[in-house]
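S.K.: Contents are JSON, C-alpha atoms; file name final.json:
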[["chain", "number", "residue", "atom", "x", "y", "z"],
["B", 1383, "MET", "CA", -6.54, -39.17, 6.61],
["B", 1384, "GLU", "CA", -7.26, -35.50, 7.15],
["B", 1385, "ILE", "CA", -4.52, -32.89, 6.78],
["B", 1386, "ASN", "CA", -5.09, -29.44, 8.32],
["B", 1387, "HIS", "CA", -2.92, -26.36, 7.80],
["B", 1388, "ASP", "CA", -2.72, -24.36, 11.02],
["B", 1389, "ARG", "CA", -1.43, -20.76, 11.01],
["B", 1390, "SER", "CA", -2.79, -19.83, 14.44],
["B", 1391, "TYR", "CA", 0.74, -19.54, 15.85],
["B", 1392, "ILE", "CA", 1.55, -16.65, 13.51],
["B", 1393, "ARG", "CA", 1.13, -13.32, 15.29],
["B", 1394, "SER", "CA", -0.15, -10.30, 13.40],
["B", 1395, "GLU", "CA", 3.14, -8.44, 13.97],
["B", 1396, "GLU", "CA", 5.17, -11.30, 12.48],
["B", 1397, "LYS", "CA", 2.82, -11.44, 9.52],
["B", 1398, "MET", "CA", 3.27, -7.72, 8.94],
["B", 1399, "PHE", "CA", 7.05, -8.05, 8.86],
["B", 1400, "ALA", "CA", 6.88, -11.03, 6.51],
["B", 1401, "ASP", "CA", 4.54, -9.14, 4.17],
["B", 1402, "ARG", "CA", 7.14, -6.37, 3.97],
["B", 1403, "GLY", "CA", 9.97, -8.75, 3.13],
["B", 1404, "TYR", "CA", 11.54, -9.10, 6.59],
["B", 1405, "GLY", "CA", 10.72, -12.74, 7.12],
["B", 1406, "TYR", "CA", 9.17, -15.79, 5.56],
["B", 1407, "GLU", "CA", 6.66, -18.44, 6.45],
["B", 1408, "ARG", "CA", 7.96, -21.87, 7.36],
["B", 1409, "ILE", "CA", 6.60, -25.05, 8.88],
["B", 1410, "ARG", "CA", 6.84, -25.10, 12.67],
["B", 1411, "ASN", "CA", 5.97, -28.76, 13.26],
["B", 1412, "LEU", "CA", 3.76, -31.68, 12.31],
["B", 1413, "ARG", "CA", 1.18, -33.10, 14.72],
["B", 1414, "PHE", "CA", -0.22, -36.60, 14.28],
["B", 1415, "ASN", "CA", -3.35, -37.65, 16.12],
["B", 1416, "PHE", "CA", -5.67, -40.65, 16.23],
["B", 1417, "VAL", "CA", -9.31, -39.57, 15.82],
["B", 1418, "TYR", "CA", -12.42, -41.70, 16.07],
["B", 1419, "THR", "CA", -14.91, -41.82, 13.23],
["B", 1420, "GLU", "CA", -18.52, -40.91, 14.01],
["B", 1421, "ALA", "CA", -19.48, -44.58, 13.88],
["B", 1422, "GLN", "CA", -16.73, -45.47, 16.37],
["B", 1423, "LYS", "CA", -17.80, -42.65, 18.69],
["B", 1424, "LYS", "CA", -21.39, -43.92, 18.59],
["B", 1425, "ALA", "CA", -20.30, -47.49, 19.38],
["B", 1426, "ASN", "CA", -18.20, -46.26, 22.32],
["B", 1427, "CYS", "CA", -21.15, -44.30, 23.72],
["B", 1428, "GLU", "CA", -23.48, -47.28, 23.42],
["B", 1429, "PHE", "CA", -21.00, -49.55, 25.21],
["B", 1430, "ALA", "CA", -20.46, -46.97, 27.97],
["B", 1431, "GLU", "CA", -24.22, -46.69, 28.55],
["B", 1432, "LYS", "CA", -24.51, -50.47, 28.64],
["B", 1433, "VAL", "CA", -21.77, -51.26, 31.18],
["B", 1434, "GLY", "CA", -21.37, -47.90, 32.99],
["B", 1435, "LEU", "CA", -18.36, -45.61, 33.14],
["B", 1436, "SER", "CA", -17.25, -46.91, 36.55],
["B", 1437, "SER", "CA", -17.40, -50.59, 35.62],
["B", 1438, "PRO", "CA", -14.34, -52.84, 35.25],
["B", 1439, "GLU", "CA", -15.52, -53.65, 31.70],
["B", 1440, "TRP", "CA", -15.33, -50.00, 30.71],
["B", 1441, "GLN", "CA", -11.87, -49.58, 32.25],
["B", 1442, "ALA", "CA", -10.63, -52.67, 30.42],
["B", 1443, "SER", "CA", -12.07, -51.39, 27.13],
["B", 1444, "CYS", "CA", -10.34, -48.03, 27.66],
["B", 1445, "ASP", "CA", -6.99, -49.74, 28.14],
["B", 1446, "GLU", "CA", -7.49, -51.85, 25.03],
["B", 1447, "ALA", "CA", -8.54, -48.79, 23.06],
["B", 1448, "ALA", "CA", -5.43, -46.91, 24.23],
["B", 1449, "LYS", "CA", -3.19, -49.76, 23.07],
["B", 1450, "PHE", "CA", -5.05, -50.00, 19.75],
["B", 1451, "LYS", "CA", -4.77, -46.25, 19.04],
["B", 1452, "SER", "CA", -1.08, -46.26, 19.92],
["B", 1453, "ALA", "CA", -0.31, -49.24, 17.68],
["B", 1454, "HIS", "CA", -2.32, -47.68, 14.87],
["B", 1455, "MET", "CA", -0.31, -44.45, 14.95],
["B", 1456, "GLU", "CA", 3.00, -46.17, 15.65],
["B", 1457, "ALA", "CA", 2.77, -47.62, 12.15],
["B", 1458, "VAL", "CA", 2.84, -44.06, 10.79],
["B", 1459, "MET", "CA", 5.86, -43.15, 12.90],
["B", 1460, "GLN", "CA", 7.66, -46.32, 11.87],
["B", 1461, "ALA", "CA", 7.21, -45.42, 8.20],
["B", 1462, "ILE", "CA", 8.64, -41.93, 8.77],
["B", 1463, "GLY", "CA", 11.44, -43.11, 11.05],
["B", 1464, "ALA", "CA", 12.53, -45.71, 8.50],
["B", 1465, "LYS", "CA", 13.58, -42.93, 6.10],
["B", 1466, "HIS", "CA", 14.32, -39.95, 8.33],
["B", 1467, "TRP", "CA", 16.48, -39.69, 11.42],
["B", 1468, "CYS", "CA", 14.02, -38.59, 14.09],
["B", 1469, "TYR", "CA", 15.75, -37.45, 17.26],
["B", 1470, "GLN", "CA", 14.42, -39.26, 20.35],
["B", 1471, "TYR", "CA", 12.83, -41.92, 18.12],
["B", 1472, "ASN", "CA", 15.96, -43.36, 16.47],
["B", 1473, "LYS", "CA", 17.70, -43.35, 19.84],
["B", 1474, "ASP", "CA", 20.48, -45.65, 18.68],
["B", 1475, "ARG", "CA", 21.72, -42.76, 16.51],
["B", 1476, "ASP", "CA", 21.12, -39.77, 18.82],
["B", 1477, "MET", "CA", 24.18, -39.85, 21.06],
["B", 1478, "GLU", "CA", 25.21, -36.20, 21.64],
["B", 1479, "LEU", "CA", 24.29, -34.79, 18.24],
["B", 1480, "PHE", "CA", 21.30, -32.62, 19.18],
["B", 1481, "LYS", "CA", 22.95, -29.40, 17.93],
["B", 1482, "SER", "CA", 23.96, -30.92, 14.61],
["B", 1483, "ASP", "CA", 22.13, -30.80, 11.27],
["B", 1484, "ASP", "CA", 22.37, -34.58, 10.84],
["B", 1485, "TRP", "CA", 18.88, -35.40, 12.10],
["B", 1486, "ASP", "CA", 15.73, -34.25, 10.31],
["B", 1487, "LEU", "CA", 12.91, -34.28, 12.86],
["B", 1488, "PHE", "CA", 12.54, -34.11, 16.65],
["B", 1489, "PHE", "CA", 10.07, -36.73, 17.91],
["B", 1490, "TRP", "CA", 7.86, -36.42, 20.98],
["B", 1491, "CYS", "CA", 4.95, -38.43, 22.32],
["B", 1492, "ASN", "CA", 3.35, -38.95, 25.70],
["B", 1493, "ASP", "CA", 3.59, -41.96, 28.02],
["B", 1494, "PHE", "CA", 0.74, -44.35, 28.80],
["B", 1495, "TYR", "CA", 1.31, -43.59, 32.48],
["B", 1496, "ASN", "CA", 0.00, -40.07, 31.85],
["B", 1497, "THR", "CA", -2.71, -40.82, 29.29],
["B", 1498, "THR", "CA", -4.23, -43.82, 31.09],
["B", 1499, "ARG", "CA", -3.73, -42.58, 34.66],
["B", 1500, "GLY", "CA", -1.19, -45.25, 35.48],
["B", 1501, "SER", "CA", -3.04, -48.32, 34.23],
["B", 1502, "LEU", "CA", -0.53, -48.81, 31.37],
["B", 1503, "SER", "CA", 3.11, -47.92, 30.78],
["B", 1504, "GLY", "CA", 5.30, -47.29, 27.76],
["B", 1505, "LEU", "CA", 5.17, -44.83, 24.87],
["B", 1506, "ASP", "CA", 1.73, -43.79, 23.69],
["B", 1507, "TYR", "CA", 1.91, -43.01, 19.95],
["B", 1508, "SER", "CA", -1.76, -42.03, 19.62],
["B", 1509, "TYR", "CA", -0.60, -38.41, 19.55],
["B", 1510, "PHE", "CA", 2.92, -37.42, 18.53],
["B", 1511, "THR", "CA", 4.70, -34.37, 17.15],
["B", 1512, "LEU", "CA", 7.63, -33.89, 14.80],
["B", 1513, "ASN", "CA", 9.58, -30.63, 14.91],
["B", 1514, "PHE", "CA", 12.02, -29.61, 12.22],
["B", 1515, "ASN", "CA", 15.73, -29.17, 12.91],
["B", 1516, "ASP", "CA", 16.58, -25.45, 13.20],
["B", 1517, "SER", "CA", 20.17, -26.28, 12.31],
["B", 1518, "GLN", "CA", 19.07, -27.26, 8.82],
["B", 1519, "SER", "CA", 18.46, -24.76, 6.01],
["B", 1520, "ALA", "CA", 14.98, -23.70, 4.96],
["B", 1521, "GLU", "CA", 15.47, -25.62, 1.70],
["B", 1522, "LYS", "CA", 16.38, -28.80, 3.59],
["B", 1523, "GLN", "CA", 13.41, -28.44, 5.92],
["B", 1524, "ARG", "CA", 11.09, -28.05, 2.94],
["B", 1525, "GLU", "CA", 12.66, -31.15, 1.39],
["B", 1526, "VAL", "CA", 12.06, -33.12, 4.59],
["B", 1527, "TYR", "CA", 8.46, -31.90, 4.77],
["B", 1528, "GLU", "CA", 7.70, -32.94, 1.20],
["B", 1529, "SER", "CA", 9.30, -36.34, 1.84],
["B", 1530, "VAL", "CA", 7.17, -36.89, 4.96],
["B", 1531, "MET", "CA", 4.03, -35.94, 3.03],
["B", 1532, "GLN", "CA", 4.96, -38.46, 0.39],
["B", 1533, "ILE", "CA", 5.57, -41.16, 3.01],
["B", 1534, "ILE", "CA", 2.24, -40.69, 4.80],
["B", 1535, "SER", "CA", 0.31, -40.63, 1.52],
["B", 1536, "GLN", "CA", 0.16, -44.43, 1.88],
["B", 1537, "PHE", "CA", -2.27, -43.82, 4.77],
["B", 1538, "GLN", "CA", -4.52, -41.41, 2.82],
["B", 1539, "ASP", "CA", -7.55, -43.73, 3.07],
["B", 1540, "ASP", "CA", -7.23, -44.14, 6.84],
["B", 1541, "GLU", "CA", -10.09, -42.26, 8.51],
["B", 1542, "ASN", "CA", -8.49, -42.44, 11.96],
["B", 1543, "ILE", "CA", -5.45, -40.30, 11.14],
["B", 1544, "GLU", "CA", -5.41, -36.52, 11.50],
["B", 1545, "VAL", "CA", -2.34, -34.44, 10.65],
["B", 1546, "ASP", "CA", -1.89, -30.77, 11.55],
["B", 1547, "VAL", "CA", 0.77, -28.79, 9.70],
["B", 1548, "GLN", "CA", 1.64, -25.83, 11.94],
["B", 1549, "TYR", "CA", 3.28, -22.75, 10.47],
["B", 1550, "GLU", "CA", 5.35, -19.91, 11.91],
["B", 1551, "ILE", "CA", 7.21, -16.84, 10.66],
["B", 1552, "ALA", "CA", 11.01, -16.83, 10.60],
["B", 1553, "LEU", "CA", 12.12, -13.20, 10.88],
["B", 1554, "ASP", "CA", 15.29, -11.87, 9.27],
["B", 1555, "GLU", "CA", 16.70, -10.18, 12.37],
["B", 1556, "VAL", "CA", 19.81, -8.92, 10.55],
["B", 1557, "LYS", "CA", 17.75, -7.26, 7.84],
["B", 1558, "ILE", "CA", 15.41, -5.76, 10.45],
["B", 1559, "LYS", "CA", 18.32, -4.31, 12.41],
["B", 1560, "GLU", "CA", 19.90, -2.80, 9.29],
["B", 1561, "ALA", "CA", 16.61, -1.17, 8.26],
["B", 1562, "ALA", "CA", 15.97, 0.14, 11.78],
["B", 1563, "CYS", "CA", 19.43, 1.71, 11.95],
["B", 1564, "LYS", "CA", 18.80, 3.41, 8.62],
["B", 1565, "VAL", "CA", 15.48, 5.03, 9.53],
["B", 1566, "ALA", "CA", 16.17, 5.73, 13.23],
["B", 1567, "PRO", "CA", 17.74, 9.18, 12.71],
["B", 1568, "SER", "CA", 14.64, 10.37, 10.85],
["B", 1569, "LEU", "CA", 12.42, 9.60, 13.88],
["B", 1570, "VAL", "CA", 14.30, 11.61, 16.52],
["B", 1571, "GLY", "CA", 12.14, 14.46, 17.76],
["B", 1572, "LYS", "CA", 9.00, 13.27, 15.95],
["B", 1573, "ARG", "CA", 5.66, 13.15, 17.71],
["B", 1574, "THR", "CA", 3.71, 9.94, 17.32],
["B", 1575, "THR", "CA", 1.65, 7.33, 19.16],
["B", 1576, "TYR", "CA", 2.99, 4.10, 20.60],
["B", 1577, "ALA", "CA", 1.49, 1.03, 22.28],
["B", 1578, "PRO", "CA", 4.01, -0.35, 24.81],
["B", 1579, "SER", "CA", 3.99, -4.07, 25.47],
["B", 1580, "GLY", "CA", 5.10, -5.75, 28.64],
["B", 1581, "GLY", "CA", 4.76, -8.71, 30.93],
["B", 1582, "VAL", "CA", 5.53, -12.36, 30.34],
["B", 1583, "PHE", "CA", 3.08, -12.58, 27.43],
["B", 1584, "SER", "CA", 3.92, -9.17, 25.86],
["B", 1585, "ILE", "CA", 0.38, -7.88, 26.20],
["B", 1586, "SER", "CA", -0.09, -4.69, 24.21],
["B", 1587, "CYS", "CA", -1.36, -1.58, 25.99],
["B", 1588, "PRO", "CA", -3.52, 1.16, 24.45],
["B", 1589, "GLU", "CA", -1.67, 3.63, 22.25],
["B", 1590, "ILE", "CA", -0.41, 6.76, 23.99],
["B", 1591, "GLU", "CA", 0.83, 10.05, 22.61],
["B", 1592, "GLY", "CA", 4.43, 11.09, 22.90],
["B", 1593, "ARG", "CA", 7.69, 11.72, 21.08],
["B", 1594, "ILE", "CA", 10.85, 9.92, 20.05],
["B", 1595, "VAL", "CA", 14.13, 10.87, 21.72],
["B", 1596, "GLU", "CA", 17.69, 9.59, 21.35],
["B", 1597, "ALA", "CA", 20.00, 8.80, 24.25],
["B", 1598, "ASN", "CA", 23.31, 6.93, 24.28],
["B", 1599, "GLY", "CA", 22.77, 5.62, 20.77],
["B", 1600, "SER", "CA", 19.28, 4.20, 21.45],
["B", 1601, "LEU", "CA", 15.78, 5.48, 20.72],
["B", 1602, "TYR", "CA", 13.17, 5.93, 23.42],
["B", 1603, "PHE", "CA", 9.48, 6.76, 23.31],
["B", 1604, "MET", "CA", 8.64, 9.44, 25.87],
["B", 1605, "LYS", "CA", 4.96, 9.72, 26.61],
["B", 1606, "LYS", "CA", 3.39, 13.15, 26.70],
["B", 1607, "ARG", "CA", 4.69, 15.31, 29.58],
["B", 1608, "ALA", "CA", 7.27, 12.67, 30.58],
["B", 1609, "LYS", "CA", 10.68, 14.15, 31.39],
["B", 1610, "ARG", "CA", 12.94, 11.35, 32.57],
["B", 1611, "ARG", "CA", 11.65, 7.88, 31.82],
["B", 1612, "GLY", "CA", 10.81, 6.44, 28.44],
["B", 1613, "HIS", "CA", 10.23, 3.13, 26.69],
["B", 1614, "LEU", "CA", 13.32, 1.68, 25.02],
["B", 1615, "LEU", "CA", 12.49, 0.93, 21.39],
["B", 1616, "ASP", "CA", 13.82, -2.26, 19.83],
["B", 1617, "ASP", "CA", 14.45, -2.62, 16.12],
["B", 1618, "LYS", "CA", 10.99, -3.93, 15.34],
["B", 1619, "SER", "CA", 9.30, -1.12, 17.27],
["B", 1620, "ILE", "CA", 11.38, 1.45, 15.39],
["B", 1621, "LEU", "CA", 10.27, 0.06, 12.05],
["B", 1622, "LYS", "CA", 6.63, -0.19, 13.10],
["B", 1623, "ILE", "CA", 6.62, 3.47, 14.16],
["B", 1624, "TYR", "CA", 8.33, 4.46, 10.92],
["B", 1625, "TRP", "CA", 5.79, 2.53, 8.83],
["B", 1626, "ASN", "CA", 2.86, 4.03, 10.74],
["B", 1627, "MET", "CA", 4.19, 7.52, 10.12],
["B", 1628, "GLU", "CA", 4.84, 6.62, 6.50],
["B", 1629, "ALA", "CA", 1.24, 5.43, 6.14],
["B", 1630, "VAL", "CA", -0.02, 8.75, 7.47],
["B", 1631, "ASP", "CA", 2.14, 10.54, 4.91],
["B", 1632, "HIS", "CA", 0.61, 8.47, 2.11],
["B", 1633, "LYS", "CA", -2.88, 9.33, 3.34],
["B", 1634, "ASP", "CA", -1.89, 12.95, 2.97],
["B", 1635, "ASN", "CA", -1.20, 12.27, -0.73],
["B", 1636, "SER", "CA", 2.59, 12.43, -0.43],
["B", 1637, "PRO", "CA", 4.32, 11.19, -3.61],
["B", 1638, "MET", "CA", 4.92, 7.49, -4.12],
["B", 1639, "LYS", "CA", 8.20, 5.91, -5.13],
["B", 1640, "THR", "CA", 8.47, 6.33, -8.90],
["B", 1641, "ILE", "CA", 10.83, 4.40, -11.18],
["B", 1642, "THR", "CA", 10.98, 3.60, -14.89],
["B", 1643, "GLU", "CA", 10.39, 0.23, -16.52],
["B", 1644, "LYS", "CA", 14.09, 0.12, -17.33],
["B", 1645, "GLU", "CA", 15.05, 0.77, -13.71],
["B", 1646, "TYR", "CA", 12.62, -1.89, -12.52],
["B", 1647, "ASN", "CA", 13.98, -4.47, -14.96],
["B", 1648, "ALA", "CA", 17.52, -3.67, -13.81],
["B", 1649, "LEU", "CA", 16.74, -4.50, -10.18],
["B", 1650, "PRO", "CA", 18.33, -7.76, -8.91],
["B", 1651, "ALA", "CA", 15.97, -10.74, -8.94],
["B", 1652, "ASP", "CA", 15.94, -10.80, -5.11],
["B", 1653, "PHE", "CA", 14.63, -7.20, -5.05],
["B", 1654, "LYS", "CA", 11.58, -7.63, -7.27],
["B", 1655, "GLY", "CA", 8.72, -10.04, -7.68],
["B", 1656, "VAL", "CA", 4.95, -10.44, -7.69],
["B", 1657, "TYR", "CA", 2.53, -9.90, -4.81],
["B", 1658, "HIS", "CA", 0.91, -13.25, -3.90],
["B", 1659, "ASP", "CA", -1.49, -12.24, -1.08],
["B", 1660, "TYR", "CA", -0.78, -15.43, 0.86],
["B", 1661, "TYR", "CA", -3.13, -14.46, 3.68],
["B", 1662, "GLY", "CA", -6.02, -13.08, 1.63],
["B", 1663, "ASP", "CA", -5.77, -9.56, 3.08],
["B", 1664, "HIS", "CA", -5.50, -7.72, -0.24],
["B", 1665, "PRO", "CA", -6.84, -9.82, -3.14],
["B", 1666, "GLU", "CA", -6.96, -6.65, -5.23],
["B", 1667, "TRP", "CA", -3.15, -6.47, -5.07],
["B", 1668, "LYS", "CA", -2.55, -10.05, -6.20],
["B", 1669, "GLY", "CA", -0.35, -10.26, -9.28],
["B", 1670, "ARG", "CA", 0.99, -6.70, -8.97],
["B", 1671, "ARG", "CA", 4.70, -6.13, -9.29],
["B", 1672, "THR", "CA", 6.72, -5.53, -6.14],
["B", 1673, "ALA", "CA", 10.14, -4.06, -5.48],
["B", 1674, "ALA", "CA", 12.54, -3.44, -2.61],
["B", 1675, "PHE", "CA", 15.09, -0.64, -2.22],
["B", 1676, "PRO", "CA", 17.06, -1.62, 0.90],
["B", 1677, "CYS", "CA", 19.75, 0.97, 0.26],
["B", 1678, "GLU", "CA", 17.18, 3.78, 0.23],
["B", 1679, "LEU", "CA", 14.06, 2.81, 2.18],
["B", 1680, "PRO", "CA", 12.90, -0.24, 4.15],
["B", 1681, "GLY", "CA", 9.85, -2.28, 3.35],
["B", 1682, "GLN", "CA", 8.10, -3.69, 0.32],
["B", 1683, "PHE", "CA", 6.84, -1.47, -2.49],
["B", 1684, "ILE", "CA", 3.73, -2.59, -4.37],
["B", 1685, "GLU", "CA", 2.73, -1.28, -7.76],
["B", 1686, "GLY", "CA", -0.27, 1.02, -7.48],
["B", 1687, "VAL", "CA", 0.01, 1.25, -3.69],
["B", 1688, "ASN", "CA", 3.30, 2.98, -2.95],
["B", 1689, "LEU", "CA", 5.14, 2.25, -6.21],
["B", 1690, "ARG", "CA", 4.65, 3.83, -9.63],
["B", 1691, "ILE", "CA", 6.39, 2.32, -12.68],
["B", 1692, "ILE", "CA", 6.49, 4.57, -15.74],
["B", 1693, "GLN", "CA", 7.76, 4.08, -19.28]]
In structure tokens, write the structure found in this file.

M.R.:
Amino acid sequence: MEINHDRSYIRSEEKMFADRGYGYERIRNLRFNFVYTEAQKKANCEFAEKVGLSSPEWQASCDEAAKFKSAHMEAVMQAIGAKHWCYQYNKDRDMELFKSDDWDLFFWCNDFYNTTRGSLSGLDYSYFTLNFNDSQSAEKQREVYESVMQIISQFQDDENIEVDVQYEIALDEVKIKEAACKVAPSLVGKRTTYAPSGGVFSISCPEIEGRIVEANGSLYFMKKRAKRRGHLLDDKSILKIYWNMEAVDHKDNSPMKTITEKEYNALPADFKGVYHDYYGDHPEWKGRRTAAFPCELPGQFIEGVNLRIIQ
């Protein structure tokens, strides 16, 4: 069995917010897939060359292979479903409880009608996904994940099983909004650059020059020479602009946040820690002390970067 950890769903913006303490990484879902070994692939190719891809023998072998792969992976799902309530799999328990925190995982798989072009029918377990219940706490989801990993460890010697653990960032929208409200007044009237995003897929445009204005309690970015229309800034955009301007200030050798050892030790446990460099962006920062001052400034402060701790 091969287990892959996939972070391709994490966008750079989400990662930036998580690095600054405005979100955390969590598991998005688990994907289970039957994969052929190299020897099995070779045998399939030899048989296809022998009988031909349009022959009845090849079609019959494809149907048998589909049933074999499904049965092989169904054993994995049965082991998980025996311990965890999987919505859509344990259908006798589902009823109308989708919005509850009673179930642990949401099951999905395809149908043979789609995967075999109508030659077979019924559930095809050769590829299935398990999504975590958003109604459950992060601690409970982690507990479920560790339990599933323990359950599937019995298949660790099976070369036909591939598992993808997909990750995502859960943003703390309340914390983001509070921080944006705090820094917003300091941005009014400032000149900066901004890259608007739009469309269904939020495609970023090139950065343009302009200024920040306030109207009816909201902030807008007005591009250079614009007089009437501007881009409404959401909370995340406000913080990104603030951080960019803050970074420029640091490049100009503006003073860092300075506190004493005693002040650092007095910070609540939730407001201090150690930089882990989860994504490998700054290995030179790993192990440095970090701090947060939500009542003063947003963001994460890292010792030696924008935080100085003196005796």

S.K.: Would you mind telling me which residue in B:Ile1409, B:Ala1520, B:Val1570, B:Ala1461 lies nearest to B:Ile1534 when using all atoms listed in the file?

M.R.: B:Ala1461

S.K.: Restricting the calculation to all atoms listed in the file: of B:Thr1575, B:Gln1470, B:Gln1460, B:Gln1422, which residue gets closest to B:Ala1447?

M.R.: B:Gln1422

S.K.: If we draw a sphere of 12 Å around (3.4, -43.6, 14.3), which residues have at least one atom in it when counting only C-alpha atoms? Please report them as a PyMOL selection string.

M.R.: chain B and resi 1413-1416+1450-1464+1468+1471+1489-1491+1505-1512+1533-1534+1537+1543-1545

S.K.: Between B:Glu1560, B:Asp1554, B:Glu1428, B:Asp1401, which is the closest to B:Trp1440 once you count only C-alpha atoms?

M.R.: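 Selected residue with least distance to B:Trp1440: B:Glu1428.
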
S.K.: So how far away is atom CA of B:Arg1389 from atom CA of B:Val1547, in Å?

M.R.: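 Here the two named atoms are 8.4 Å from each other.
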
S.K.: Considering only C-alpha atoms, return as an NGL selection string whatever protein or nucleic-acid residues lie within 9 Å of B:Pro1588, sequence-local ones (same chain, fewer than 6 positions apart) excluded.

M.R.: :B and (1576-1578)

S.K.: Can you work out the spacing between atom CA of B:Leu1614 and atom CA of B:Glu1395 in Å, to one decimal?

M.R.: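 One can read the atom CA of B:Leu1614 to atom CA of B:Glu1395 distance as 18.1 Å.
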
S.K.: Mind giving me the straight-line distance from atom CA of B:Ile1590 to atom CA of B:Trp1625 in Å, one decimal?

M.R.: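 Atom-to-atom, atom CA of B:Ile1590 and atom CA of B:Trp1625 are spaced 16.9 Å apart.
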
S.K.: Could you check which of B:Ile1551, B:Leu1601, B:Asn1542, B:Lys1397 is closest to B:Lys1423, using only C-alpha atoms?

M.R.: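 Nearest to B:Lys1423: B:Asn1542.
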
S.K.: Name the closest residue to B:Ala1674 among the candidates B:Tyr1404, B:His1387, B:Phe1429, B:Val1530; distances are taken between atoms, counting all atoms listed in the file.

M.R.: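 Nearest to B:Ala1674: B:Tyr1404.
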
S.K.: Give the answer as one residue: which of B:Ala1400, B:Ser1394, B:Phe1514, B:Tyr1646 has the shortest atom-to-atom distance to B:Phe1480, using only C-alpha atoms?

M.R.: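 Of all the options, B:Phe1514 lies closest to B:Phe1480.
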